[in-house]
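Engineer: Structure incoming, see below.
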Amino acid sequence: MGLKGALTLLTSLNREVYDIILLSLYVSLTSTLIAALGAIPSGIWLGLKDFPGKKIIIRILYTFMSLPPVVVGLVVFLFISRKGPLGFLEINFTPTAMILAQICILFPIITGIVFNGTKERGEQVKLLGKTLGANRWQVLILLIHELRVNIFTAIITGYGRAVSEVGAVMIVGGNIKGHTRVMTTTIAMLQSMGQYDLAIAIGIVLLLLAFIINSILYHFQQGDS
Amino acid sequence: MGLKGALTLLTSLNREVYDIILLSLYVSLTSTLIAALGAIPSGIWLGLKDFPGKKIIIRILYTFMSLPPVVVGLVVFLFISRKGPLGFLEINFTPTAMILAQICILFPIITGIVFNGTKERGEQVKLLGKTLGANRWQVLILLIHELRVNIFTAIITGYGRAVSEVGAVMIVGGNIKGHTRVMTTTIAMLQSMGQYDLAIAIGIVLLLLAFIINSILYHFQQGDS
Amino acid sequence: MNVQIRNLSKVYGDRKVLDIDTLNIAQGTIVGIIGPNGAGKSTLIKIMAGSESPTQGDIFFDGLPPNKVTTMDMTLVFQKPYLLSTRVFHDVAYPLRLRKMKKEIIQTKVQTILEEMDLWFLRNQKTGTLSGGEIQKVSLARALVFQPKLLFLDEPTANIDPTSIFVMEKMIKKINKENKTTVIIITHNIVQAKRLCQDIVFMDQGRIVEKGSRDTIINNPQETATKNFIKGELII
Amino acid sequence: MNVQIRNLSKVYGDRKVLDIDTLNIAQGTIVGIIGPNGAGKSTLIKIMAGSESPTQGDIFFDGLPPNKVTTMDMTLVFQKPYLLSTRVFHDVAYPLRLRKMKKEIIQTKVQTILEEMDLWFLRNQKTGTLSGGEIQKVSLARALVFQPKLLFLDEPTANIDPTSIFVMEKMIKKINKENKTTVIIITHNIVQAKRLCQDIVFMDQGRIVEKGSRDTIINNPQETATKNFIKGELII
Amino acid sequence: SSNTSSEPGDQQNQGNSAPVAENKSLILATTTSTENSGLLDYILPVFKEETGIDTKVVAVGTGKALQMGMDGEADVLLVHAKADEEKFVQEGHGIERFDVMYNDFILVGPKDDPAGIKTNAPQDIIKAFELIEEKQENFVSRGDDSGTHKMELNLWAEGNMEPQGDWYLSAGKGMGDVIMMADELNGYTLADRATYLSIKDKVDLVIVTEGEGRLFNQYGVIAVNPEKNDQINQAAAQVFVDWILSAETQQLISKFGMEEYKQSLFIPNAQ
Ligand SMILES: Nc1ncnc2c1ncn2[C@@H]1O[C@H](COP(=O)(O)OP(=O)(O)OP(=O)(O)O)[C@@H](O)[C@H]1O
Ligand SMILES: Nc1ncnc2c1ncn2[C@@H]1O[C@H](COP(=O)(O)OP(=O)(O)OP(=O)(O)O)[C@@H](O)[C@H]1O
Ligand SMILES: [Mg+2]
Ligand SMILES: [Mg+2]
């Protein structure tokens with residue numbers, strides 16, 4: 001039933017449905033990308049460097065993997081709201097705000113997973129790079145290459161979180177039709193309207209897209225290894 | 001401001017607040033525990049075994065890491081609803097239902113992370129165990145011991161997801177005061193009532209608890225290594 | 001335990017890295033396997049020990065295919081040993097714990113073997129911090145501690161210093177003598193093969209080129225390939 | 001490049017695993033480091049190569065503390081080599097790519113060295129599937145390919161078969177001769193040290209017990225510890 | 001059973017079977033406004049004390065609440081979309097519908113009232129909507145099929161308008177959220193008075209239109225048809241219906257809000 005609903009939905013060529021799907025992809029991919037760009041080096045760095053207070057930083061990092069999206073959404077909302085410190089940016093209820101909130105949620109998740117992968121094998125890779133004459137930047141590239149399976153998991157986990165998350169994007173985006181309505185907020189709305197079939201159909205579309213995205217990423221991860 | 005609010009809240013000794021916190025802990029810990037019990041062996045097994053169709057199973061697994069909680073909540077709801085196939089269990093709008101929904105969300109996440117860790121080092125560990133005379137069960141224990149850093153990450157990530165998740169528990173639990181109201185549903189409700197301070201204060205309580213739980217788990221993971 | 005191999009082969013892609021018609025190893029002997037890098041020695045020993053599956057062929061232990069009882073009585077020391085991420089004592093105790101021995105017995109056995117191999121001072125060190133030679137010693141100790149009936153050793157002394165090599169060889173000879181353990185050892189150290197083994201198998205490119213008693217293979221090899229290989233080592 | 005060490009020490013917990021007053025290595029020589037397992041040889045060589053930091057002490061290359069230029073000109077082959085998870089060709093090409101060499105030059109250099117070391121047939125094999133000896137060969141090739149001025153080798157032939165050992169030694173001698181590369185090699189193979197090295201350092205328990213020319217150390221050692229150690233190996 | 005119309009007296013009798021109902025709790029599906037305003041917290045402890053029945057409140061939109069009734073997931077409904085409720089009963093999903101109480105909808109907007117509604121249409125909601133459309137001032141719609149949303153759509157239709165454009169924001173969210181969004185976006189929105197009052201001091205919005213007949217907001221109670229499935233707690237549902245319609249409870253409802261807002265948030269009007 002659900003799968004058929006999903007297909008009907010996709011083939012209906014309904015402009016609104018496509019806009020929602022595209023916005024979902026845009027928001028979740030952009031936030032995953034930006035979060036990953038910051039979180040991968042951070043996780044690697046944490047995995048390699050020793051410094052006083054590292055233990056406590058790690059615990060805080062793990063704790064932030066539990067950040068409730070609703071709270072993140074709320075805090076971001078308060079920052080960018082009219083009266084908030086970043087109110088002048090006027091990004092409330094825009095996709096930019098949704099991306100911002102999701103970055104906050106994904107950053108600790110991706111960092112945490114990469115950190116753990118680096119802890120196991122990173123030192124060895126770094127030393128090899130250095131003995132062969134790699135500079136800092138080249139060592140980082142080498143680490144990303146050698147830890148790619150782990151980094152891949154981190155990105156997939158992050159993307160999975162981004163695309164399925166509803167609490168934060170609902171608050172900062174506002175689920176405004178035609179502007180900030182994404183798949184998850186639509187599902188939540190349909191659910192609250194008792195339109196279960198349609199909600200599940202969109203959920204299946206979301207999973208189909210996740211499947212495609214994962215397959216593409218998986219392809220990259222394989223590389224020439 | 002928020003931190004002070006959180007402390008005031010905790011020291012207020014308000015019975016209702018404590019019930020909400022305890023229920024949150026109960027639901028998220030129970031679902032993490034049950035999901036982990038199934039997911040850790042599954043992830044290890046997937047990491048070690050080769051079988052036809054494995055590639056596609058893995059992709060589906062990764063896809064299910066993106067399961068939107070709202071959809072999970074909805075599907076579980078339909079199953080356990082009075083009309084549903086499991087309606088006779090009469091667990092709709094109970095903590096049991098919330099645990100059930102969260103298990104569905106956590107299972108692929110924990111399995112996926114453990115799978116990736118096993119892929120890298122599991123084979124070697126398994127072979128060592130076997131050459132020293134370990135039976136299947138003992139090999140599993142050995143793998144869990146040797147892959148404990150990875151398994152720890154998986155559990156922390158899973159718990160982080162469980163405790164911060166609101167979409168599924170809201171639907172199957174119903175946020176019923178005194179019965180199924182947990183921290184995240186409270187936060188969402190307070191947020192929608194404009195009571196931001198209180199919402200953030202509960203968010204901080206949630207993070208403090210996550211910090212404590214993570215510290216305890218971390219302690220176990222260290223073990224004698 | 002004796003070992004018989006029939007028509008064993010292993011293929012990776014389009015490369016046949018192992019191709020053995022027949023090989024019999026008698027109970028209680030120490031057999032050396034020598035041959036150039038990539039000859040398939042590790043592949044062979046891993047298949048015999050059940051750590052890798054052959055593309056084709058059969059192995060029999062005391063005339064029977066591998067079963068629970070025989071696998072409990074044999075072990076393999078890998079060319080790249082894997083130590084558990086714990087302390088030396090616990091790593092060496094692991095096979096005994098698997099066998100549900102009493103705590104006091106484990107304590108005694110582990111202490112005895114660690115002392116015999118001059119490793120007692122490392123008992124509380126984390127295995128991750130050991131030196132290369134120490135890793136090899138610990139992994140041999142872990143294999144010997146439960147007195148297997150069949151022992152596969154893949155270059156077990158490659159990183160061991162000359163003095164310790166004698167200790168290791170003494171231990172191998174001892175278990176062979178006292179426990180009637182059949183030992184199959186891969187080594188690039190021809191002199192070591194000469195000291196330890198009754199029989200030697202020379203492999204090249206996945207095949208057994210020549211097998212025979214120590215004296216035949218080392219002092220009087222029949223095949224040119226064997227001659228050249230042995231000669232290489234003995235030039236000082 | 002020459003190397004000078006002053007007051008070097010490394011402490012783990014309450015164990016001092018390295019304690020060296022002074023050690024000078026002359027430009028263009030091949031120096032062997034020998035000694036029992038756990039003597040601190042790998043620790044010393046890793047500290048010299050900048051892969052580990054000393055608890056205390058200084059190292060100078062051509063009179064200067066380590067700097068960008070010198071580190072680009074030296075390399076270390078680890079006792080446990082780490083190959084990149086790619087194919088053999090790419091692994092060996094990696095240091096050349098780091099140095100931003102042209103594609104054709106990389107192709108030529110890598111092909112040349114792989115052929116010289118009889119590894120060309122492995123060029124497309126994934127490094128994760130190599131045999132123990134093949135791993136050591138590839139990691140030596142990767143170190144030699146960019147012609148460093150200072151080469152640290154930690155038991156580079158431990159898993160190499162007798163015939164290939166000569167190829168490896170030939171390559172080491174060649175770079176030393178043609179490129180004036182200073183080579184510092186750890187080995188448990190005294191015969192190899194005798195073949196390769198001009199000077200030999202004998203270490204035990206973190207200290208340098210004796211150092212001197214090959215002939216002194218091998219044929220006429222002054223210290224009893226050295227004598228016993230050398231003697232062990234030479235008994236056949 | 002759609003044509004079965006029970007007299008209050010019958011229900012009273014059925015209500016006597018309450019002891020059977022007590023060992024199971026009662027699921028009440030209602031709108032967020034009754035829960036978020038605090039009304040249920042105010043009256044339900046009394047219900048529990050008097051009858052011993054434990055009520056589980058699931059607060060959702062009216063559309064969803066009716067859906068839950070249709071699916072037999074709730075035992076009793078307390079909602080506000082009279083036309084839909086009557087249809088619900090007519091189709092046999094519920095036993096009978098009773099008026100319980102009412103409050104009113106209000107139009108709220110920014111303090112400076114850019115559409116000039118306060119001066120030009122303080123008591124004329126259709127005119128107010130026309131002004132908003134004309135000036136293209138931001139208007140946030142619930143857009144979620146709730147009772148409030150349905151009311152809003154009726155009003156646009158009544159004025160022969162089809163709101164669309166960048167100024168008309170369909171949010172698909174609850175009342176509290178939508179009020180907050182209107183505040184943030186300097187826009188107008190149609191709200192129920194109870195929710196607005198409970199959130200008033202957190203926003204800068206003021207009432208611009210109120211007090212006309214069309215803005216009447218009637219709440220009704222319906223016991224779900226027990227033939228839906230055998231888990232429906234019909235006995236307790238009847239007890240609840242009878243109780244909420246009783247004179248004492250009606251009195252209680254009228255007192256709610258007096259302390260905090262100096263006015264009743266819901267005016268009881270059960271017959
Ligand atoms: N998965 C694989 N794919 C392709 N070739 C493989 C694979 N695994 C092993 N080989 C090749 O099989 C050959 C035999 O390997 P093996 O490890 O048995 O050699 P060996 O005799 O033990 O060598 P060494 O003395 O170096 O340890 C090697 O050339 C190796 O590269
Ligand atoms: N982190 C550590 N903590 C404690 N002891 C350590 C640590 N790292 C190394 N050691 C010890 O330092 C000693 C010297 O190690 P090193 O690897 O330098 O020995 P080596 O001379 O290279 O020995 P081998 O011949 O076995 O390779 C060893 O006994 C080792 O156990
Ligand atoms: Mg081998
Ligand atoms: Mg060493």
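In the structure tokens, each chain is lettered A, B, ... as it comes, each chain's residues begin at 1, and ligands are numbered from 1 in order of appearance.
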Taking only C-alpha atoms and all ligand atoms and a cut-off of 6 Å, can you tell me which residues surround ligand 2, written as a PyMOL selection string?
Structural biologist: (chain C and resi 129-134) or (chain D and resi 12+17+36-43)
Engineer: Write out as a PyMOL selection string which residues come within 12 Å of stretch 151-156 of chain E when counting only C-alpha atoms, dropping same-chain ones fewer than 6 positions away.
Structural biologist: chain E and resi 62+80-84+104-107+124-133+139-145+162-164+168+170+189-192+213-218
Engineer: Can you list, as a PyMOL selection string, all residues belonging to stretch 52-189 of chain C that DSSP tags as strand (DSSP E)?
Structural biologist: chain C and resi 56-61+74-77+150-154+182-186
Engineer: Set the distance at 12 Å and use only C-alpha atoms: which residues neighbour A:Ala201 once local chain neighbours fewer than 3 positions away are removed? I'd like the list as a compact mmCIF listing (two decimals) with all heavy atoms, in the first residue's frame.
Structural biologist:
# COMPACT_ATOMS: atom_id res chain seq x y z
N MET A 1 0.83 -1.20 0.00
CA MET A 1 0.00 0.00 0.00
C MET A 1 0.88 1.26 0.00
O MET A 1 0.81 2.11 -0.87
CB MET A 1 -0.89 -0.02 1.25
CG MET A 1 -1.59 1.29 1.54
SD MET A 1 -1.85 1.48 3.34
CE MET A 1 -0.26 2.07 3.87
N GLY A 2 1.80 1.31 1.01
CA GLY A 2 2.65 2.48 1.15
C GLY A 2 3.53 2.70 -0.08
O GLY A 2 3.65 3.81 -0.59
N LEU A 3 4.12 1.59 -0.55
CA LEU A 3 5.04 1.69 -1.69
C LEU A 3 4.29 2.16 -2.92
O LEU A 3 4.77 3.01 -3.68
CB LEU A 3 5.67 0.33 -1.94
CG LEU A 3 6.91 0.36 -2.84
CD1 LEU A 3 8.00 1.18 -2.20
CD2 LEU A 3 7.41 -1.05 -3.10
N LYS A 4 3.10 1.63 -3.09
CA LYS A 4 2.30 2.04 -4.24
C LYS A 4 1.97 3.53 -4.11
O LYS A 4 2.09 4.30 -5.07
CB LYS A 4 1.01 1.21 -4.29
CG LYS A 4 0.51 0.99 -5.71
CD LYS A 4 -0.69 0.06 -5.71
CE LYS A 4 -1.76 0.57 -6.64
NZ LYS A 4 -3.08 0.00 -6.32
N GLY A 5 1.61 3.91 -2.89
CA GLY A 5 1.33 5.33 -2.63
C GLY A 5 2.52 6.20 -2.99
O GLY A 5 2.37 7.26 -3.61
N ALA A 6 3.70 5.72 -2.62
CA ALA A 6 4.91 6.49 -2.89
C ALA A 6 5.11 6.65 -4.38
O ALA A 6 5.47 7.73 -4.87
CB ALA A 6 6.11 5.79 -2.26
N LEU A 7 4.87 5.57 -5.11
CA LEU A 7 5.09 5.63 -6.55
C LEU A 7 4.05 6.55 -7.23
O LEU A 7 4.40 7.36 -8.08
CB LEU A 7 5.03 4.22 -7.14
CG LEU A 7 6.22 3.36 -6.72
CD1 LEU A 7 6.07 1.94 -7.25
CD2 LEU A 7 7.53 3.98 -7.22
N THR A 8 2.83 6.40 -6.80
CA THR A 8 1.78 7.29 -7.33
C THR A 8 2.19 8.74 -7.10
O THR A 8 2.09 9.59 -7.99
CB THR A 8 0.45 7.03 -6.60
OG1 THR A 8 0.27 5.63 -6.45
CG2 THR A 8 -0.71 7.64 -7.34
N LEU A 9 2.68 8.98 -5.89
CA LEU A 9 3.09 10.33 -5.52
C LEU A 9 4.18 10.84 -6.45
O LEU A 9 4.15 11.97 -6.94
CB LEU A 9 3.62 10.28 -4.08
CG LEU A 9 3.62 11.58 -3.32
CD1 LEU A 9 2.19 11.95 -2.99
CD2 LEU A 9 4.41 11.41 -2.03
N LEU A 10 5.16 9.96 -6.69
CA LEU A 10 6.31 10.37 -7.50
C LEU A 10 5.91 10.58 -8.95
O LEU A 10 6.43 11.48 -9.63
CB LEU A 10 7.42 9.32 -7.42
CG LEU A 10 8.27 9.41 -6.16
CD1 LEU A 10 9.27 8.28 -6.14
CD2 LEU A 10 8.99 10.75 -6.11
N VAL A 17 5.09 18.50 -4.62
CA VAL A 17 5.81 17.35 -4.06
C VAL A 17 7.29 17.42 -4.44
O VAL A 17 8.18 17.23 -3.62
CB VAL A 17 5.18 16.03 -4.56
CG1 VAL A 17 6.05 14.85 -4.18
CG2 VAL A 17 3.78 15.87 -4.00
N MET A 183 10.46 17.13 3.54
CA MET A 183 9.74 15.87 3.64
C MET A 183 9.34 15.55 5.08
O MET A 183 8.20 15.14 5.33
CB MET A 183 10.59 14.74 3.06
CG MET A 183 10.61 14.77 1.53
SD MET A 183 11.31 13.27 0.83
CE MET A 183 13.03 13.65 0.96
N THR A 184 10.28 15.73 6.01
CA THR A 184 9.93 15.34 7.39
C THR A 184 8.84 16.23 7.98
O THR A 184 7.95 15.73 8.67
CB THR A 184 11.15 15.39 8.31
OG1 THR A 184 11.78 16.65 8.16
CG2 THR A 184 12.12 14.29 7.99
N THR A 186 6.56 17.74 6.35
CA THR A 186 5.32 17.35 5.67
C THR A 186 4.75 16.09 6.31
O THR A 186 3.55 16.00 6.58
CB THR A 186 5.58 17.06 4.19
OG1 THR A 186 6.32 18.14 3.64
CG2 THR A 186 4.28 16.91 3.43
N ILE A 187 5.64 15.13 6.55
CA ILE A 187 5.18 13.88 7.17
C ILE A 187 4.56 14.17 8.53
O ILE A 187 3.47 13.69 8.84
CB ILE A 187 6.36 12.89 7.33
CG1 ILE A 187 6.88 12.45 5.95
CG2 ILE A 187 5.94 11.68 8.15
CD1 ILE A 187 8.17 11.67 6.02
N LEU A 190 1.19 15.85 7.97
CA LEU A 190 0.17 14.91 7.49
C LEU A 190 -0.25 13.98 8.61
O LEU A 190 -1.41 13.66 8.78
CB LEU A 190 0.73 14.10 6.31
CG LEU A 190 0.92 14.88 5.01
CD1 LEU A 190 1.68 14.04 4.01
CD2 LEU A 190 -0.44 15.29 4.45
N GLN A 191 0.74 13.55 9.36
CA GLN A 191 0.47 12.67 10.49
C GLN A 191 -0.49 13.36 11.45
O GLN A 191 -1.46 12.77 11.91
CB GLN A 191 1.81 12.35 11.16
CG GLN A 191 1.79 11.29 12.21
CD GLN A 191 1.22 11.79 13.52
OE1 GLN A 191 0.33 11.18 14.06
NE2 GLN A 191 1.73 12.92 14.01
N GLN A 195 -3.63 11.98 8.07
CA GLN A 195 -3.48 11.45 6.70
C GLN A 195 -2.31 10.47 6.66
O GLN A 195 -1.26 10.76 6.09
CB GLN A 195 -3.26 12.60 5.72
CG GLN A 195 -4.42 13.58 5.76
CD GLN A 195 -4.44 14.44 4.53
OE1 GLN A 195 -3.90 14.08 3.49
NE2 GLN A 195 -5.08 15.59 4.64
N TYR A 196 -2.52 9.33 7.26
CA TYR A 196 -1.44 8.38 7.44
C TYR A 196 -0.86 7.86 6.12
O TYR A 196 0.35 7.72 5.97
CB TYR A 196 -1.91 7.20 8.28
CG TYR A 196 -2.43 7.58 9.64
CD1 TYR A 196 -3.39 6.84 10.29
CD2 TYR A 196 -1.92 8.71 10.30
CE1 TYR A 196 -3.86 7.19 11.55
CE2 TYR A 196 -2.38 9.07 11.55
CZ TYR A 196 -3.35 8.31 12.17
OH TYR A 196 -3.80 8.66 13.41
N ASP A 197 -1.73 7.55 5.18
CA ASP A 197 -1.25 6.95 3.93
C ASP A 197 -0.25 7.84 3.24
O ASP A 197 0.84 7.42 2.84
CB ASP A 197 -2.43 6.70 2.98
CG ASP A 197 -3.21 5.48 3.40
OD1 ASP A 197 -2.87 4.92 4.46
OD2 ASP A 197 -4.14 5.10 2.67
N LEU A 198 -0.64 9.10 3.11
CA LEU A 198 0.22 10.04 2.42
C LEU A 198 1.53 10.23 3.19
O LEU A 198 2.61 10.31 2.61
CB LEU A 198 -0.52 11.37 2.28
CG LEU A 198 -0.06 12.28 1.16
CD1 LEU A 198 0.00 11.53 -0.16
CD2 LEU A 198 -1.00 13.48 1.03
N ILE A 204 8.42 6.80 2.44
CA ILE A 204 9.07 5.84 1.55
C ILE A 204 9.90 6.57 0.49
O ILE A 204 11.01 6.16 0.16
CB ILE A 204 8.01 4.91 0.93
CG1 ILE A 204 7.47 3.99 2.04
CG2 ILE A 204 8.61 4.08 -0.20
CD1 ILE A 204 6.31 3.15 1.61
N VAL A 205 9.38 7.67 -0.01
CA VAL A 205 10.17 8.47 -0.96
C VAL A 205 11.48 8.89 -0.30
O VAL A 205 12.56 8.78 -0.89
CB VAL A 205 9.38 9.71 -1.41
CG1 VAL A 205 10.27 10.63 -2.22
CG2 VAL A 205 8.15 9.30 -2.21
N LEU A 206 11.38 9.31 0.95
CA LEU A 206 12.57 9.73 1.68
C LEU A 206 13.58 8.59 1.76
O LEU A 206 14.79 8.77 1.53
CB LEU A 206 12.14 10.17 3.08
CG LEU A 206 13.16 10.88 3.96
CD1 LEU A 206 12.42 11.79 4.94
CD2 LEU A 206 14.03 9.92 4.72
N LEU A 207 13.09 7.40 2.04
CA LEU A 207 14.01 6.26 2.14
C LEU A 207 14.61 5.90 0.79
O LEU A 207 15.79 5.55 0.69
CB LEU A 207 13.28 5.05 2.73
CG LEU A 207 12.98 5.15 4.23
CD1 LEU A 207 12.25 3.92 4.70
CD2 LEU A 207 14.28 5.32 5.02
N LEU A 208 13.80 6.00 -0.26
CA LEU A 208 14.34 5.71 -1.60
C LEU A 208 15.48 6.66 -1.91
O LEU A 208 16.53 6.26 -2.42
CB LEU A 208 13.23 5.85 -2.66
CG LEU A 208 12.17 4.76 -2.67
CD1 LEU A 208 11.09 5.07 -3.71
CD2 LEU A 208 12.81 3.41 -2.98
N VAL B 71 7.96 8.62 10.69
CA VAL B 71 7.42 7.49 9.93
C VAL B 71 7.45 6.21 10.77
O VAL B 71 6.48 5.45 10.81
CB VAL B 71 8.21 7.29 8.62
CG1 VAL B 71 7.75 6.04 7.91
CG2 VAL B 71 8.03 8.51 7.72
N LEU B 74 4.71 6.35 13.17
CA LEU B 74 3.43 6.14 12.53
C LEU B 74 3.19 4.66 12.22
O LEU B 74 2.12 4.11 12.51
CB LEU B 74 3.42 6.95 11.24
CG LEU B 74 2.10 7.17 10.55
CD1 LEU B 74 1.07 7.64 11.55
CD2 LEU B 74 2.28 8.22 9.46
N VAL B 75 4.20 4.02 11.68
CA VAL B 75 4.05 2.60 11.31
C VAL B 75 3.85 1.75 12.56
O VAL B 75 2.97 0.90 12.61
CB VAL B 75 5.27 2.13 10.49
CG1 VAL B 75 5.23 0.62 10.30
CG2 VAL B 75 5.31 2.85 9.14
Engineer: Using only C-alpha atoms, determine which residues lie at most 10 Å from stretch 209-223 of chain A, disregarding the query and same-chain residues fewer than 2 positions distant; provide the list as number ranges by chain.
Structural biologist: A: 21, 25, 29, 145, 147-153, 155-156, 159-160, 163-164, 203-207, 225; B: 56, 58-67; D: 86
Engineer: Please report as JSON lines every residue of chain B lying within 8 Å of chain C, along with the nearest atom pair and their distance in Å (one decimal), using only C-alpha atoms.
Structural biologist:
{"residue": "B:Gln124", "atom": "CA", "partner": "C:Tyr82", "partner_atom": "CA", "distance": 7.5}
{"residue": "B:Val125", "atom": "CA", "partner": "C:Tyr82", "partner_atom": "CA", "distance": 7.5}
{"residue": "B:Leu127", "atom": "CA", "partner": "C:Ser51", "partner_atom": "CA", "distance": 5.9}
{"residue": "B:Leu128", "atom": "CA", "partner": "C:Tyr82", "partner_atom": "CA", "distance": 7.1}
{"residue": "B:Lys130", "atom": "CA", "partner": "C:Ser51", "partner_atom": "CA", "distance": 7.8}
{"residue": "B:Thr131", "atom": "CA", "partner": "C:Thr75", "partner_atom": "CA", "distance": 4.9}
{"residue": "B:Leu132", "atom": "CA", "partner": "C:Pro95", "partner_atom": "CA", "distance": 5.7}
{"residue": "B:Gly133", "atom": "CA", "partner": "C:Met72", "partner_atom": "CA", "distance": 4.8}
{"residue": "B:Ala134", "atom": "CA", "partner": "C:Leu98", "partner_atom": "CA", "distance": 6.1}
{"residue": "B:Gln138", "atom": "CA", "partner": "C:Leu98", "partner_atom": "CA", "distance": 7.4}
{"residue": "B:Glu146", "atom": "CA", "partner": "C:Ser85", "partner_atom": "CA", "distance": 6.5}
{"residue": "B:Asp224", "atom": "CA", "partner": "C:Thr86", "partner_atom": "CA", "distance": 6.3}
{"residue": "B:Ser225", "atom": "CA", "partner": "C:Thr86", "partner_atom": "CA", "distance": 4.9}
Engineer: I want to know what sits within 7 Å of D:Val145, based on only C-alpha atoms, with residues of the same chain fewer than 2 positions away left out; could you give that as JSON, numbers by chain?
Structural biologist: {"D": [109, 110, 113, 141, 142, 143, 147]}
Engineer: Mind giving me the straight-line distance from atom CA of D:Leu153 to atom CA of D:Met171 in Å, one decimal?
Structural biologist: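 Answer for the atom CA of D:Leu153 to atom CA of D:Met171 separation: 12.6 Å.
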Engineer: I'd like the contact shell of C:Ile30 - 9 Å cut-off, only C-alpha atoms, skipping same-chain residues fewer than 2 positions apart - returned as JSON, numbers by chain.
Structural biologist: {"C": [25, 26, 27, 28, 32, 172, 173, 176, 181, 182, 183, 184, 185, 196, 197, 198, 199, 200]}
Engineer: Just to be explicit: take each residue in the selection above, keep C-alpha atoms, and write the result as a JSON list (two decimals), in the first residue's frame.
Structural biologist:
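Contents of the output file selection.json:
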[["chain", "number", "residue", "atom", "x", "y", "z"],
["C", 25, "ILE", "CA", 53.06, -35.16, 8.05],
["C", 26, "ALA", "CA", 53.76, -37.85, 10.60],
["C", 27, "GLN", "CA", 52.67, -37.63, 14.21],
["C", 28, "GLY", "CA", 55.28, -36.19, 16.53],
["C", 32, "GLY", "CA", 60.03, -27.24, 8.27],
["C", 172, "ILE", "CA", 59.43, -25.92, 20.61],
["C", 173, "LYS", "CA", 61.59, -28.98, 20.98],
["C", 176, "ASN", "CA", 57.44, -31.83, 20.69],
["C", 181, "THR", "CA", 53.17, -32.41, 19.52],
["C", 182, "THR", "CA", 53.51, -32.38, 15.77],
["C", 183, "VAL", "CA", 55.11, -29.08, 14.75],
["C", 184, "ILE", "CA", 54.98, -27.49, 11.32],
["C", 185, "ILE", "CA", 57.19, -24.45, 11.08],
["C", 196, "LEU", "CA", 64.92, -28.01, 14.54],
["C", 197, "CYS", "CA", 63.40, -30.18, 11.85],
["C", 198, "GLN", "CA", 63.43, -33.84, 10.99],
["C", 199, "ASP", "CA", 61.79, -33.21, 7.63],
["C", 200, "ILE", "CA", 61.83, -30.23, 5.33]]
